[in-house]
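**Q** Next comes upload.cif, mmCIF, N, CA and C atoms:
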data_structure
#
loop_
_atom_site.label_atom_id
_atom_site.label_comp_id
_atom_site.auth_asym_id
_atom_site.auth_seq_id
_atom_site.Cartn_x
_atom_site.Cartn_y
_atom_site.Cartn_z
N MET A 1 154.73 182.73 49.76
CA MET A 1 154.91 182.63 48.31
C MET A 1 154.52 183.96 47.68
N ASP A 2 155.37 184.44 46.82
CA ASP A 2 155.07 185.67 46.08
C ASP A 2 154.07 185.36 44.97
N THR A 3 153.32 186.39 44.61
CA THR A 3 152.39 186.21 43.49
C THR A 3 153.20 186.01 42.21
N VAL A 4 152.63 185.25 41.29
CA VAL A 4 153.30 184.97 40.03
C VAL A 4 152.52 185.51 38.84
N ALA A 5 151.28 185.92 39.10
CA ALA A 5 150.42 186.42 38.01
C ALA A 5 149.44 187.41 38.60
N SER A 6 148.75 188.10 37.71
CA SER A 6 147.74 189.05 38.18
C SER A 6 146.57 189.09 37.21
N VAL A 7 145.43 189.50 37.75
CA VAL A 7 144.23 189.73 36.96
C VAL A 7 143.62 191.03 37.47
N THR A 8 142.80 191.63 36.64
CA THR A 8 142.09 192.83 37.07
C THR A 8 140.76 192.43 37.70
N LYS A 9 140.20 193.33 38.48
CA LYS A 9 138.87 193.09 39.06
C LYS A 9 137.85 192.88 37.95
N LYS A 10 138.01 193.62 36.86
CA LYS A 10 137.09 193.49 35.72
C LYS A 10 137.18 192.08 35.11
N GLU A 11 138.42 191.59 34.91
CA GLU A 11 138.60 190.24 34.37
C GLU A 11 137.95 189.20 35.27
N LEU A 12 138.14 189.37 36.57
CA LEU A 12 137.58 188.43 37.52
C LEU A 12 136.06 188.49 37.55
N SER A 13 135.49 189.67 37.38
CA SER A 13 134.03 189.77 37.35
C SER A 13 133.45 189.17 36.07
N GLU A 14 134.22 189.24 34.99
CA GLU A 14 133.76 188.68 33.71
C GLU A 14 133.96 187.17 33.63
N ASP A 15 134.97 186.67 34.35
CA ASP A 15 135.26 185.23 34.32
C ASP A 15 135.71 184.79 35.71
N PRO A 16 134.87 184.07 36.43
CA PRO A 16 135.24 183.62 37.77
C PRO A 16 136.50 182.75 37.81
N ARG A 17 136.88 182.19 36.66
CA ARG A 17 138.09 181.37 36.60
C ARG A 17 139.33 182.18 36.18
N ALA A 18 139.24 183.48 36.17
CA ALA A 18 140.34 184.32 35.69
C ALA A 18 141.64 184.05 36.45
N LYS A 19 141.56 183.82 37.76
CA LYS A 19 142.77 183.54 38.54
C LYS A 19 143.41 182.22 38.08
N LEU A 20 142.59 181.22 37.89
CA LEU A 20 143.11 179.93 37.43
C LEU A 20 143.74 180.07 36.06
N TRP A 21 143.08 180.78 35.14
CA TRP A 21 143.63 180.97 33.80
C TRP A 21 144.95 181.76 33.84
N ALA A 22 145.03 182.76 34.71
CA ALA A 22 146.26 183.54 34.83
C ALA A 22 147.41 182.66 35.31
N LEU A 23 147.13 181.79 36.27
CA LEU A 23 148.18 180.88 36.76
C LEU A 23 148.58 179.89 35.67
N ILE A 24 147.61 179.37 34.94
CA ILE A 24 147.91 178.42 33.87
C ILE A 24 148.76 179.08 32.78
N MET A 25 148.43 180.32 32.43
CA MET A 25 149.24 181.04 31.44
C MET A 25 150.67 181.24 31.96
N TYR A 26 150.80 181.57 33.23
CA TYR A 26 152.14 181.70 33.83
C TYR A 26 152.89 180.38 33.70
N LEU A 27 152.25 179.28 34.05
CA LEU A 27 152.92 177.98 33.98
C LEU A 27 153.25 177.60 32.54
N ALA A 28 152.37 177.90 31.62
CA ALA A 28 152.62 177.58 30.21
C ALA A 28 153.87 178.30 29.70
N GLU A 29 154.11 179.49 30.22
CA GLU A 29 155.26 180.29 29.78
C GLU A 29 156.53 180.03 30.59
N ASN A 30 156.41 179.31 31.70
CA ASN A 30 157.54 179.07 32.60
C ASN A 30 157.70 177.59 32.87
N VAL A 31 158.41 176.93 31.96
CA VAL A 31 158.55 175.48 32.01
C VAL A 31 159.13 175.00 33.33
N GLU A 32 160.09 175.74 33.87
CA GLU A 32 160.69 175.32 35.14
C GLU A 32 159.66 175.32 36.27
N ALA A 33 158.71 176.22 36.24
CA ALA A 33 157.67 176.28 37.28
C ALA A 33 156.72 175.09 37.18
N GLN A 34 156.55 174.54 35.99
CA GLN A 34 155.68 173.38 35.80
C GLN A 34 156.14 172.19 36.63
N SER A 35 157.43 172.11 36.86
CA SER A 35 157.99 170.98 37.61
C SER A 35 158.18 171.27 39.09
N SER A 36 157.92 172.51 39.50
CA SER A 36 158.12 172.86 40.90
C SER A 36 157.12 172.12 41.78
N GLU A 37 157.53 171.85 42.98
CA GLU A 37 156.69 171.09 43.91
C GLU A 37 155.33 171.75 44.12
N GLN A 38 155.30 173.07 44.21
CA GLN A 38 154.04 173.75 44.50
C GLN A 38 153.05 173.73 43.34
N PHE A 39 153.55 173.63 42.10
CA PHE A 39 152.66 173.69 40.94
C PHE A 39 152.52 172.36 40.19
N ARG A 40 153.32 171.38 40.49
CA ARG A 40 153.38 170.15 39.70
C ARG A 40 152.03 169.45 39.59
N THR A 41 151.36 169.25 40.70
CA THR A 41 150.07 168.55 40.68
C THR A 41 149.05 169.31 39.85
N LEU A 42 148.98 170.62 40.07
CA LEU A 42 148.04 171.44 39.30
C LEU A 42 148.34 171.35 37.82
N TRP A 43 149.61 171.49 37.45
CA TRP A 43 149.97 171.49 36.03
C TRP A 43 149.67 170.15 35.37
N LEU A 44 150.08 169.05 36.01
CA LEU A 44 149.85 167.72 35.41
C LEU A 44 148.36 167.47 35.19
N THR A 45 147.54 167.79 36.17
CA THR A 45 146.12 167.52 36.03
C THR A 45 145.46 168.46 35.03
N TYR A 46 145.90 169.72 35.03
CA TYR A 46 145.34 170.65 34.04
C TYR A 46 145.69 170.22 32.62
N ILE A 47 146.95 169.93 32.36
CA ILE A 47 147.38 169.64 30.99
C ILE A 47 146.75 168.33 30.50
N TYR A 48 146.60 167.38 31.39
CA TYR A 48 145.90 166.14 31.03
C TYR A 48 144.46 166.45 30.62
N ASP A 49 143.75 167.18 31.47
CA ASP A 49 142.36 167.50 31.17
C ASP A 49 142.24 168.30 29.88
N ALA A 50 143.10 169.28 29.70
CA ALA A 50 143.04 170.13 28.50
C ALA A 50 143.24 169.30 27.24
N GLN A 51 144.22 168.41 27.26
CA GLN A 51 144.48 167.57 26.08
C GLN A 51 143.30 166.64 25.78
N VAL A 52 142.77 166.00 26.83
CA VAL A 52 141.66 165.06 26.61
C VAL A 52 140.40 165.81 26.16
N MET A 53 140.12 166.94 26.78
CA MET A 53 138.93 167.70 26.39
C MET A 53 139.04 168.25 24.97
N ASN A 54 140.26 168.45 24.51
CA ASN A 54 140.48 168.98 23.16
C ASN A 54 140.50 167.90 22.08
N GLY A 55 140.94 166.71 22.42
CA GLY A 55 141.06 165.70 21.38
C GLY A 55 141.08 164.27 21.87
N GLY A 56 140.71 164.05 23.10
CA GLY A 56 140.65 162.69 23.63
C GLY A 56 141.99 162.19 24.15
N HIS A 57 141.96 160.98 24.66
CA HIS A 57 143.16 160.38 25.24
C HIS A 57 144.25 160.14 24.20
N LEU A 58 143.85 159.89 22.97
CA LEU A 58 144.87 159.73 21.93
C LEU A 58 145.70 161.00 21.81
N GLN A 59 145.06 162.14 21.79
CA GLN A 59 145.79 163.41 21.70
C GLN A 59 146.72 163.57 22.91
N TYR A 60 146.21 163.24 24.10
CA TYR A 60 147.05 163.34 25.30
C TYR A 60 148.31 162.48 25.15
N PHE A 61 148.15 161.23 24.77
CA PHE A 61 149.31 160.34 24.68
C PHE A 61 150.24 160.71 23.52
N VAL A 62 149.69 161.18 22.41
CA VAL A 62 150.53 161.60 21.29
C VAL A 62 151.35 162.83 21.69
N ASN A 63 150.70 163.79 22.35
CA ASN A 63 151.41 165.03 22.70
C ASN A 63 152.31 164.89 23.92
N LYS A 64 151.92 164.11 24.90
CA LYS A 64 152.66 164.03 26.15
C LYS A 64 153.48 162.76 26.30
N GLY A 65 153.17 161.74 25.51
CA GLY A 65 153.87 160.47 25.70
C GLY A 65 153.32 159.74 26.92
N LEU A 66 154.03 158.71 27.34
CA LEU A 66 153.57 157.88 28.44
C LEU A 66 154.34 158.12 29.74
N ASP A 67 155.44 158.83 29.67
CA ASP A 67 156.36 158.94 30.80
C ASP A 67 155.75 159.55 32.06
N GLU A 68 154.87 160.51 31.93
CA GLU A 68 154.30 161.20 33.09
C GLU A 68 152.94 160.66 33.51
N THR A 69 152.50 159.59 32.87
CA THR A 69 151.14 159.11 33.10
C THR A 69 150.92 158.65 34.53
N GLU A 70 151.82 157.87 35.08
CA GLU A 70 151.64 157.39 36.45
C GLU A 70 151.65 158.55 37.44
N GLU A 71 152.51 159.52 37.22
CA GLU A 71 152.54 160.70 38.07
C GLU A 71 151.24 161.50 37.94
N THR A 72 150.69 161.56 36.73
CA THR A 72 149.43 162.26 36.51
C THR A 72 148.28 161.53 37.19
N ILE A 73 148.27 160.22 37.16
CA ILE A 73 147.25 159.45 37.87
C ILE A 73 147.30 159.77 39.36
N ALA A 74 148.50 159.77 39.92
CA ALA A 74 148.67 160.10 41.35
C ALA A 74 148.22 161.53 41.64
N ALA A 75 148.49 162.45 40.72
CA ALA A 75 148.09 163.85 40.91
C ALA A 75 146.56 163.97 40.88
N LEU A 76 145.91 163.26 39.97
CA LEU A 76 144.44 163.28 39.91
C LEU A 76 143.85 162.76 41.22
N ILE A 77 144.42 161.69 41.74
CA ILE A 77 143.94 161.15 43.01
C ILE A 77 144.16 162.17 44.13
N ALA A 78 145.31 162.82 44.12
CA ALA A 78 145.65 163.80 45.16
C ALA A 78 144.68 164.98 45.21
N ILE A 79 144.15 165.38 44.06
CA ILE A 79 143.22 166.51 44.05
C ILE A 79 141.78 166.06 44.26
N GLY A 80 141.54 164.76 44.26
CA GLY A 80 140.19 164.26 44.46
C GLY A 80 139.45 163.91 43.19
N ALA A 81 140.15 163.85 42.07
CA ALA A 81 139.54 163.48 40.79
C ALA A 81 139.75 161.99 40.56
N LYS A 82 139.18 161.19 41.45
CA LYS A 82 139.43 159.75 41.44
C LYS A 82 138.84 159.04 40.22
N GLU A 83 137.67 159.48 39.78
CA GLU A 83 137.06 158.84 38.61
C GLU A 83 137.89 159.11 37.35
N GLN A 84 138.38 160.34 37.21
CA GLN A 84 139.25 160.66 36.08
C GLN A 84 140.55 159.85 36.17
N ALA A 85 141.06 159.65 37.37
CA ALA A 85 142.27 158.86 37.55
C ALA A 85 142.06 157.42 37.10
N LEU A 86 140.91 156.85 37.44
CA LEU A 86 140.60 155.47 37.01
C LEU A 86 140.51 155.38 35.49
N ILE A 87 139.91 156.37 34.88
CA ILE A 87 139.80 156.38 33.41
C ILE A 87 141.19 156.47 32.79
N LEU A 88 142.02 157.36 33.30
CA LEU A 88 143.38 157.48 32.77
C LEU A 88 144.15 156.18 32.95
N GLU A 89 143.97 155.54 34.08
CA GLU A 89 144.66 154.27 34.33
C GLU A 89 144.24 153.22 33.29
N GLU A 90 142.96 153.15 32.98
CA GLU A 90 142.47 152.21 31.97
C GLU A 90 143.05 152.56 30.59
N CYS A 91 143.04 153.83 30.25
CA CYS A 91 143.57 154.26 28.95
C CYS A 91 145.07 154.03 28.86
N PHE A 92 145.78 154.21 29.96
CA PHE A 92 147.22 153.98 30.00
C PHE A 92 147.53 152.52 29.69
N LYS A 93 146.78 151.61 30.28
CA LYS A 93 146.98 150.19 29.98
C LYS A 93 146.77 149.91 28.49
N GLU A 94 145.74 150.52 27.95
CA GLU A 94 145.44 150.37 26.52
C GLU A 94 146.55 150.98 25.67
N ALA A 95 147.04 152.16 26.07
CA ALA A 95 148.10 152.85 25.31
C ALA A 95 149.39 152.03 25.30
N LEU A 96 149.69 151.38 26.40
CA LEU A 96 150.89 150.54 26.46
C LEU A 96 150.82 149.41 25.44
N GLN A 97 149.64 148.90 25.19
CA GLN A 97 149.45 147.83 24.21
C GLN A 97 149.46 148.34 22.78
N MET A 98 149.09 149.63 22.60
CA MET A 98 148.96 150.20 21.25
C MET A 98 150.30 150.55 20.61
N ASN A 99 151.30 150.85 21.43
CA ASN A 99 152.58 151.32 20.91
C ASN A 99 152.36 152.53 20.00
N ILE A 100 151.90 153.62 20.58
CA ILE A 100 151.55 154.83 19.85
C ILE A 100 152.80 155.42 19.19
N PRO A 101 152.77 155.59 17.88
CA PRO A 101 153.95 156.10 17.17
C PRO A 101 154.15 157.60 17.38
N LYS A 102 155.36 158.08 17.13
CA LYS A 102 155.63 159.51 17.15
C LYS A 102 154.97 160.12 15.91
N ILE A 103 154.29 161.22 16.12
CA ILE A 103 153.55 161.89 15.05
C ILE A 103 154.28 163.17 14.67
N ASN A 104 154.47 163.39 13.37
CA ASN A 104 155.18 164.57 12.91
C ASN A 104 154.29 165.57 12.17
N THR A 105 153.13 165.12 11.70
CA THR A 105 152.26 166.02 10.94
C THR A 105 150.81 165.82 11.37
N LEU A 106 149.98 166.81 11.06
CA LEU A 106 148.55 166.68 11.34
C LEU A 106 147.93 165.55 10.53
N GLN A 107 148.42 165.34 9.32
CA GLN A 107 147.90 164.25 8.50
C GLN A 107 148.19 162.90 9.15
N GLU A 108 149.39 162.74 9.70
CA GLU A 108 149.71 161.49 10.41
C GLU A 108 148.79 161.30 11.61
N TYR A 109 148.53 162.40 12.32
CA TYR A 109 147.63 162.31 13.47
C TYR A 109 146.23 161.92 13.02
N SER A 110 145.74 162.53 11.96
CA SER A 110 144.40 162.21 11.45
C SER A 110 144.29 160.74 11.08
N SER A 111 145.31 160.23 10.43
CA SER A 111 145.31 158.81 10.05
C SER A 111 145.30 157.92 11.28
N LEU A 112 146.11 158.28 12.27
CA LEU A 112 146.16 157.50 13.50
C LEU A 112 144.81 157.58 14.23
N ALA A 113 144.22 158.75 14.28
CA ALA A 113 142.94 158.93 14.96
C ALA A 113 141.83 158.13 14.30
N GLU A 114 141.88 158.00 12.98
CA GLU A 114 140.88 157.19 12.27
C GLU A 114 141.01 155.72 12.64
N ALA A 115 142.26 155.28 12.87
CA ALA A 115 142.51 153.87 13.15
C ALA A 115 142.45 153.54 14.65
N SER A 116 142.66 154.53 15.50
CA SER A 116 142.76 154.28 16.94
C SER A 116 141.98 155.32 17.73
N SER A 117 141.33 154.86 18.74
CA SER A 117 140.69 155.78 19.67
C SER A 117 140.54 155.06 21.01
N PHE A 118 140.14 155.81 22.00
CA PHE A 118 139.97 155.24 23.33
C PHE A 118 138.49 155.25 23.68
N SER A 119 137.98 154.10 24.04
CA SER A 119 136.56 153.98 24.34
C SER A 119 136.17 154.76 25.59
N GLN A 120 137.13 155.11 26.41
CA GLN A 120 136.84 155.82 27.66
C GLN A 120 136.63 157.32 27.47
N ASP A 121 136.88 157.85 26.28
CA ASP A 121 136.75 159.29 26.07
C ASP A 121 135.36 159.81 26.43
N SER A 122 134.32 159.16 25.92
CA SER A 122 132.97 159.66 26.19
C SER A 122 132.64 159.57 27.67
N LYS A 123 133.12 158.56 28.34
CA LYS A 123 132.92 158.45 29.78
C LYS A 123 133.60 159.61 30.50
N TYR A 124 134.81 159.95 30.08
CA TYR A 124 135.55 161.05 30.69
C TYR A 124 134.77 162.36 30.58
N TYR A 125 134.22 162.61 29.40
CA TYR A 125 133.51 163.87 29.16
C TYR A 125 132.28 164.04 30.05
N SER A 126 131.75 162.94 30.57
CA SER A 126 130.53 163.03 31.38
C SER A 126 130.81 163.05 32.89
N VAL A 127 132.06 162.88 33.30
CA VAL A 127 132.38 162.86 34.73
C VAL A 127 132.16 164.24 35.35
N LYS A 128 131.47 164.25 36.50
CA LYS A 128 131.25 165.47 37.27
C LYS A 128 131.76 165.23 38.69
N PRO A 129 132.38 166.17 39.32
CA PRO A 129 132.78 167.46 38.78
C PRO A 129 133.95 167.31 37.81
N GLU A 130 134.05 168.26 36.89
CA GLU A 130 135.15 168.27 35.93
C GLU A 130 136.45 168.64 36.64
N VAL A 131 137.57 168.30 36.03
CA VAL A 131 138.88 168.56 36.62
C VAL A 131 139.06 170.04 36.95
N LEU A 132 138.63 170.94 36.08
CA LEU A 132 138.79 172.37 36.38
C LEU A 132 138.07 172.76 37.67
N GLU A 133 136.89 172.21 37.88
CA GLU A 133 136.15 172.49 39.12
C GLU A 133 136.89 171.93 40.33
N VAL A 134 137.44 170.75 40.18
CA VAL A 134 138.19 170.13 41.28
C VAL A 134 139.45 170.94 41.57
N LEU A 135 140.12 171.41 40.52
CA LEU A 135 141.31 172.24 40.73
C LEU A 135 140.97 173.52 41.47
N GLU A 136 139.90 174.17 41.09
CA GLU A 136 139.49 175.40 41.77
C GLU A 136 139.19 175.14 43.25
N ALA A 137 138.52 174.04 43.53
CA ALA A 137 138.19 173.71 44.92
C ALA A 137 139.45 173.36 45.71
N LYS A 138 140.33 172.60 45.11
CA LYS A 138 141.55 172.15 45.80
C LYS A 138 142.53 173.30 46.03
N PHE A 139 142.69 174.18 45.05
CA PHE A 139 143.72 175.22 45.11
C PHE A 139 143.16 176.63 45.30
N GLY A 140 141.91 176.75 45.72
CA GLY A 140 141.27 178.05 45.87
C GLY A 140 142.07 179.04 46.70
N SER A 141 142.48 178.64 47.90
CA SER A 141 143.22 179.58 48.76
C SER A 141 144.61 179.86 48.21
N GLU A 142 145.24 178.85 47.60
CA GLU A 142 146.55 179.08 46.98
C GLU A 142 146.45 180.03 45.80
N LEU A 143 145.35 179.94 45.05
CA LEU A 143 145.16 180.86 43.93
C LEU A 143 145.14 182.31 44.42
N ASP A 144 144.55 182.52 45.60
CA ASP A 144 144.53 183.85 46.18
C ASP A 144 145.95 184.34 46.48
N ASP A 145 146.83 183.43 46.86
CA ASP A 145 148.23 183.79 47.13
C ASP A 145 149.04 183.95 45.86
N TRP A 146 148.79 183.11 44.87
CA TRP A 146 149.59 183.08 43.67
C TRP A 146 149.20 184.16 42.65
N VAL A 147 147.93 184.55 42.65
CA VAL A 147 147.42 185.48 41.63
C VAL A 147 146.86 186.72 42.31
N GLU A 148 147.45 187.85 42.01
CA GLU A 148 147.04 189.12 42.57
C GLU A 148 145.88 189.71 41.78
N VAL A 149 144.94 190.33 42.50
CA VAL A 149 143.84 191.03 41.84
C VAL A 149 144.15 192.53 41.90
N CYS A 150 144.25 193.14 40.74
CA CYS A 150 144.58 194.56 40.63
C CYS A 150 143.34 195.35 40.24
N SER A 151 143.41 196.65 40.42
CA SER A 151 142.29 197.53 40.07
C SER A 151 141.97 197.51 38.61
#
Can the structure from this file be put into structure tokens for me?

**A**
Amino acid sequence: MDTVASVTKKELSEDPRAKLWALIMYLAENVEAQSSEQFRTLWLTYIYDAQVMNGGHLQYFVNKGLDETEETIAALIAIGAKEQALILEECFKEALQMNIPKINTLQEYSSLAEASSFSQDSKYYSVKPEVLEVLEAKFGSELDDWVEVCS
């Protein structure tokens, strides 16, 4: 596999996750790569974690919908984030009952957030290791192949 991103030695010394962030930025900018077999699991688990850490499961379901949830649960299990997978599974069942509407404005989201939330959010925030740590452990050697370290 050819490298898809690069970081400098300085960036890596300042942030041990620089390789992971470089790959995530590459994937964010390359939608077709998000669906590729080699990156799919990493992308699904990262985007799930990022959405939940930023605004809870409601934000995840509002932004991503329900279509990829079962695949994301399987991806979490595949990387070893089993507790996070169980939480997502519980929230998915709840989301199916909620019939989450399409949101067009921040005001609509704020109103929805006031009326709806997921009780599992606080539990998710306390799970160790966090998804980012699991991703680094699972994909460490691949990160070395995918992200080049430059002078």

**Q** For Ser119 (chain A), please output as a PyMOL selection string all residues within 10 Å (counting only C-alpha atoms; exclusion window: fewer than 6 positions along the same chain).

**A** chain A and resi 56-57+87+90-91+94

**Q** Enclose region 106-115 of chain A, meaning all of its atoms listed in the file, in a box aligned along x, y and z, pad it by 8 Å on each side, and list the centre and edge lengths in Å to one decimal, as lines of an AutoDock Vina configuration file.

**A**
center_x = 145.4
center_y = 160.2
center_z = 11.7
size_x = 25.1
size_y = 29.3
size_z = 22.5

**Q** In Å, rounded to a single decimal, give me how far CA of Ser35 (chain A) is from CA of Asp145 (chain A).

**A**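 Rounded to one decimal, the two atoms are 18.7 Å apart.
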
**Q** Please compute the CA of Leu88 (chain A)-CA of Asp15 (chain A) distance, one decimal, in Å.

**A**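 For CA of Leu88 (chain A) relative to CA of Asp15 (chain A), the distance reads 29.0 Å.
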
**Q** To test your reading of the structure, identify every residue in chain A that backbone DSSP assigns to strand (DSSP E), and report it as a list in words.

**A**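 Taking chain A and keeping strand (DSSP E) gives Ala5, Ser6, Val7, Thr8, Val147, Glu148, Val149 and Cys150 of chain A.
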
**Q** Quick one: which residues end up in the PyMOL selection byres ((chain A and resi 69-86) around 6.5) for this structure, as a CSV table (one decimal) with N, CA and C atoms, in the coordinates of the input?

**A**
chain,number,residue,atom,x,y,z
A,41,THR,N,151.4,169.2,40.7
A,41,THR,CA,150.1,168.6,40.7
A,41,THR,C,149.0,169.3,39.8
A,44,LEU,N,150.1,169.0,36.0
A,44,LEU,CA,149.8,167.7,35.4
A,44,LEU,C,148.4,167.5,35.2
A,45,THR,N,147.5,167.8,36.2
A,45,THR,CA,146.1,167.5,36.0
A,45,THR,C,145.5,168.5,35.0
A,65,GLY,N,153.2,161.7,25.5
A,65,GLY,CA,153.9,160.5,25.7
A,65,GLY,C,153.3,159.7,26.9
A,66,LEU,N,154.0,158.7,27.3
A,66,LEU,CA,153.6,157.9,28.4
A,66,LEU,C,154.3,158.1,29.7
A,67,ASP,N,155.4,158.8,29.7
A,67,ASP,CA,156.4,158.9,30.8
A,67,ASP,C,155.8,159.6,32.1
A,68,GLU,N,154.9,160.5,31.9
A,68,GLU,CA,154.3,161.2,33.1
A,68,GLU,C,152.9,160.7,33.5
A,87,ILE,N,139.9,156.4,34.9
A,87,ILE,CA,139.8,156.4,33.4
A,87,ILE,C,141.2,156.5,32.8
A,88,LEU,N,142.0,157.4,33.3
A,88,LEU,CA,143.4,157.5,32.8
A,88,LEU,C,144.2,156.2,33.0
A,89,GLU,N,144.0,155.5,34.1
A,89,GLU,CA,144.7,154.3,34.3
A,89,GLU,C,144.2,153.2,33.3
A,90,GLU,N,143.0,153.2,33.0
A,90,GLU,CA,142.5,152.2,32.0
A,90,GLU,C,143.0,152.6,30.6
A,91,CYS,N,143.0,153.8,30.2
A,91,CYS,CA,143.6,154.3,29.0
A,91,CYS,C,145.1,154.0,28.9
A,134,VAL,N,137.4,170.8,40.2
A,134,VAL,CA,138.2,170.1,41.3
A,134,VAL,C,139.4,170.9,41.6
A,138,LYS,N,140.3,172.6,45.1
A,138,LYS,CA,141.6,172.2,45.8
A,138,LYS,C,142.5,173.3,46.0

**Q** Provide the CA of Val4 (chain A) to CA of Ala22 (chain A) distance in Å, to one decimal place.

**A**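 Pair CA of Val4 (chain A) / CA of Ala22 (chain A) returns 8.9 Å.
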
**Q** If you count only C-alpha atoms, which residues fall within 9 Å of region 101-109 of chain A, apart from same-chain ones fewer than 4 positions away, as a VMD selection string?

**A** chain A and resid 59 62 to 63 65 113 to 114

**Q** Run the PyMOL selection byres (((chain A and resi 125 and name CA) around 10) and name CA) on the file and write out the hits as a tab-separated table (two decimals) with N, CA and C atoms, in the coordinates of the input.

**A**
chain	number	residue	atom	x	y	z
A	49	ASP	N	143.75	167.18	31.47
A	49	ASP	CA	142.36	167.50	31.17
A	49	ASP	C	142.24	168.30	29.88
A	52	VAL	N	142.77	166.00	26.83
A	52	VAL	CA	141.66	165.06	26.61
A	52	VAL	C	140.40	165.81	26.16
A	53	MET	N	140.12	166.94	26.78
A	53	MET	CA	138.93	167.70	26.39
A	53	MET	C	139.04	168.25	24.97
A	56	GLY	N	140.71	164.05	23.10
A	56	GLY	CA	140.65	162.69	23.63
A	56	GLY	C	141.99	162.19	24.15
A	84	GLN	N	138.38	160.34	37.21
A	84	GLN	CA	139.25	160.66	36.08
A	84	GLN	C	140.55	159.85	36.17
A	120	GLN	N	137.13	155.11	26.41
A	120	GLN	CA	136.84	155.82	27.66
A	120	GLN	C	136.63	157.32	27.47
A	121	ASP	N	136.88	157.85	26.28
A	121	ASP	CA	136.75	159.29	26.07
A	121	ASP	C	135.36	159.81	26.43
A	122	SER	N	134.32	159.16	25.92
A	122	SER	CA	132.97	159.66	26.19
A	122	SER	C	132.64	159.57	27.67
A	123	LYS	N	133.12	158.56	28.34
A	123	LYS	CA	132.92	158.45	29.78
A	123	LYS	C	133.60	159.61	30.50
A	124	TYR	N	134.81	159.95	30.08
A	124	TYR	CA	135.55	161.05	30.69
A	124	TYR	C	134.77	162.36	30.58
A	126	SER	N	131.75	162.94	30.57
A	126	SER	CA	130.53	163.03	31.38
A	126	SER	C	130.81	163.05	32.89
A	127	VAL	N	132.06	162.88	33.30
A	127	VAL	CA	132.38	162.86	34.73
A	127	VAL	C	132.16	164.24	35.35
A	128	LYS	N	131.47	164.25	36.50
A	128	LYS	CA	131.25	165.47	37.27
A	128	LYS	C	131.76	165.23	38.69
A	130	GLU	N	134.05	168.26	36.89
A	130	GLU	CA	135.15	168.27	35.93
A	130	GLU	C	136.45	168.64	36.64

**Q** From the DSSP assignment of the backbone, select every residue of chain A that is helix (DSSP H, G or I), and format the answer as an MDAnalysis selection string.

**A** chainID A and resid 9:14 18:29 31:34 40:64 69:79 82:98 106:115 121:126 131:146

**Q** Reconstruct all heavy atoms of region 28-32 of chain A; output as an mmCIF file, keeping the file's coordinate frame.

**A**
data_model
loop_
_atom_site.group_PDB
_atom_site.id
_atom_site.type_symbol
_atom_site.label_atom_id
_atom_site.label_comp_id
_atom_site.auth_asym_id
_atom_site.auth_seq_id
_atom_site.Cartn_x
_atom_site.Cartn_y
_atom_site.Cartn_z
ATOM 1 N N ALA A 28 152.370 177.900 31.620
ATOM 2 C CA ALA A 28 152.620 177.580 30.210
ATOM 3 C C ALA A 28 153.870 178.300 29.700
ATOM 4 O O ALA A 28 154.601 177.766 28.865
ATOM 5 C CB ALA A 28 151.409 177.950 29.357
ATOM 6 N N GLU A 29 154.110 179.490 30.220
ATOM 7 C CA GLU A 29 155.260 180.290 29.780
ATOM 8 C C GLU A 29 156.530 180.030 30.590
ATOM 9 O O GLU A 29 157.596 180.504 30.221
ATOM 10 C CB GLU A 29 154.903 181.780 29.852
ATOM 11 C CG GLU A 29 153.790 182.167 28.895
ATOM 12 C CD GLU A 29 153.252 183.563 29.130
ATOM 13 O OE1 GLU A 29 153.678 184.231 30.103
ATOM 14 O OE2 GLU A 29 152.387 183.989 28.334
ATOM 15 N N ASN A 30 156.410 179.310 31.700
ATOM 16 C CA ASN A 30 157.540 179.070 32.600
ATOM 17 C C ASN A 30 157.700 177.590 32.870
ATOM 18 O O ASN A 30 157.208 177.061 33.868
ATOM 19 C CB ASN A 30 157.331 179.838 33.919
ATOM 20 C CG ASN A 30 157.374 181.330 33.703
ATOM 21 O OD1 ASN A 30 158.432 181.922 33.663
ATOM 22 N ND2 ASN A 30 156.200 181.935 33.521
ATOM 23 N N VAL A 31 158.410 176.930 31.960
ATOM 24 C CA VAL A 31 158.550 175.480 32.010
ATOM 25 C C VAL A 31 159.130 175.000 33.330
ATOM 26 O O VAL A 31 158.687 173.991 33.885
ATOM 27 C CB VAL A 31 159.410 174.987 30.815
ATOM 28 C CG1 VAL A 31 159.638 173.499 30.881
ATOM 29 C CG2 VAL A 31 158.742 175.370 29.504
ATOM 30 N N GLU A 32 160.090 175.740 33.870
ATOM 31 C CA GLU A 32 160.690 175.320 35.140
ATOM 32 C C GLU A 32 159.660 175.320 36.270
ATOM 33 O O GLU A 32 159.704 174.478 37.168
ATOM 34 C CB GLU A 32 161.904 176.178 35.506
ATOM 35 C CG GLU A 32 161.598 177.627 35.846
ATOM 36 C CD GLU A 32 161.281 178.555 34.677
ATOM 37 O OE1 GLU A 32 161.528 178.192 33.510
ATOM 38 O OE2 GLU A 32 160.776 179.663 34.934
#
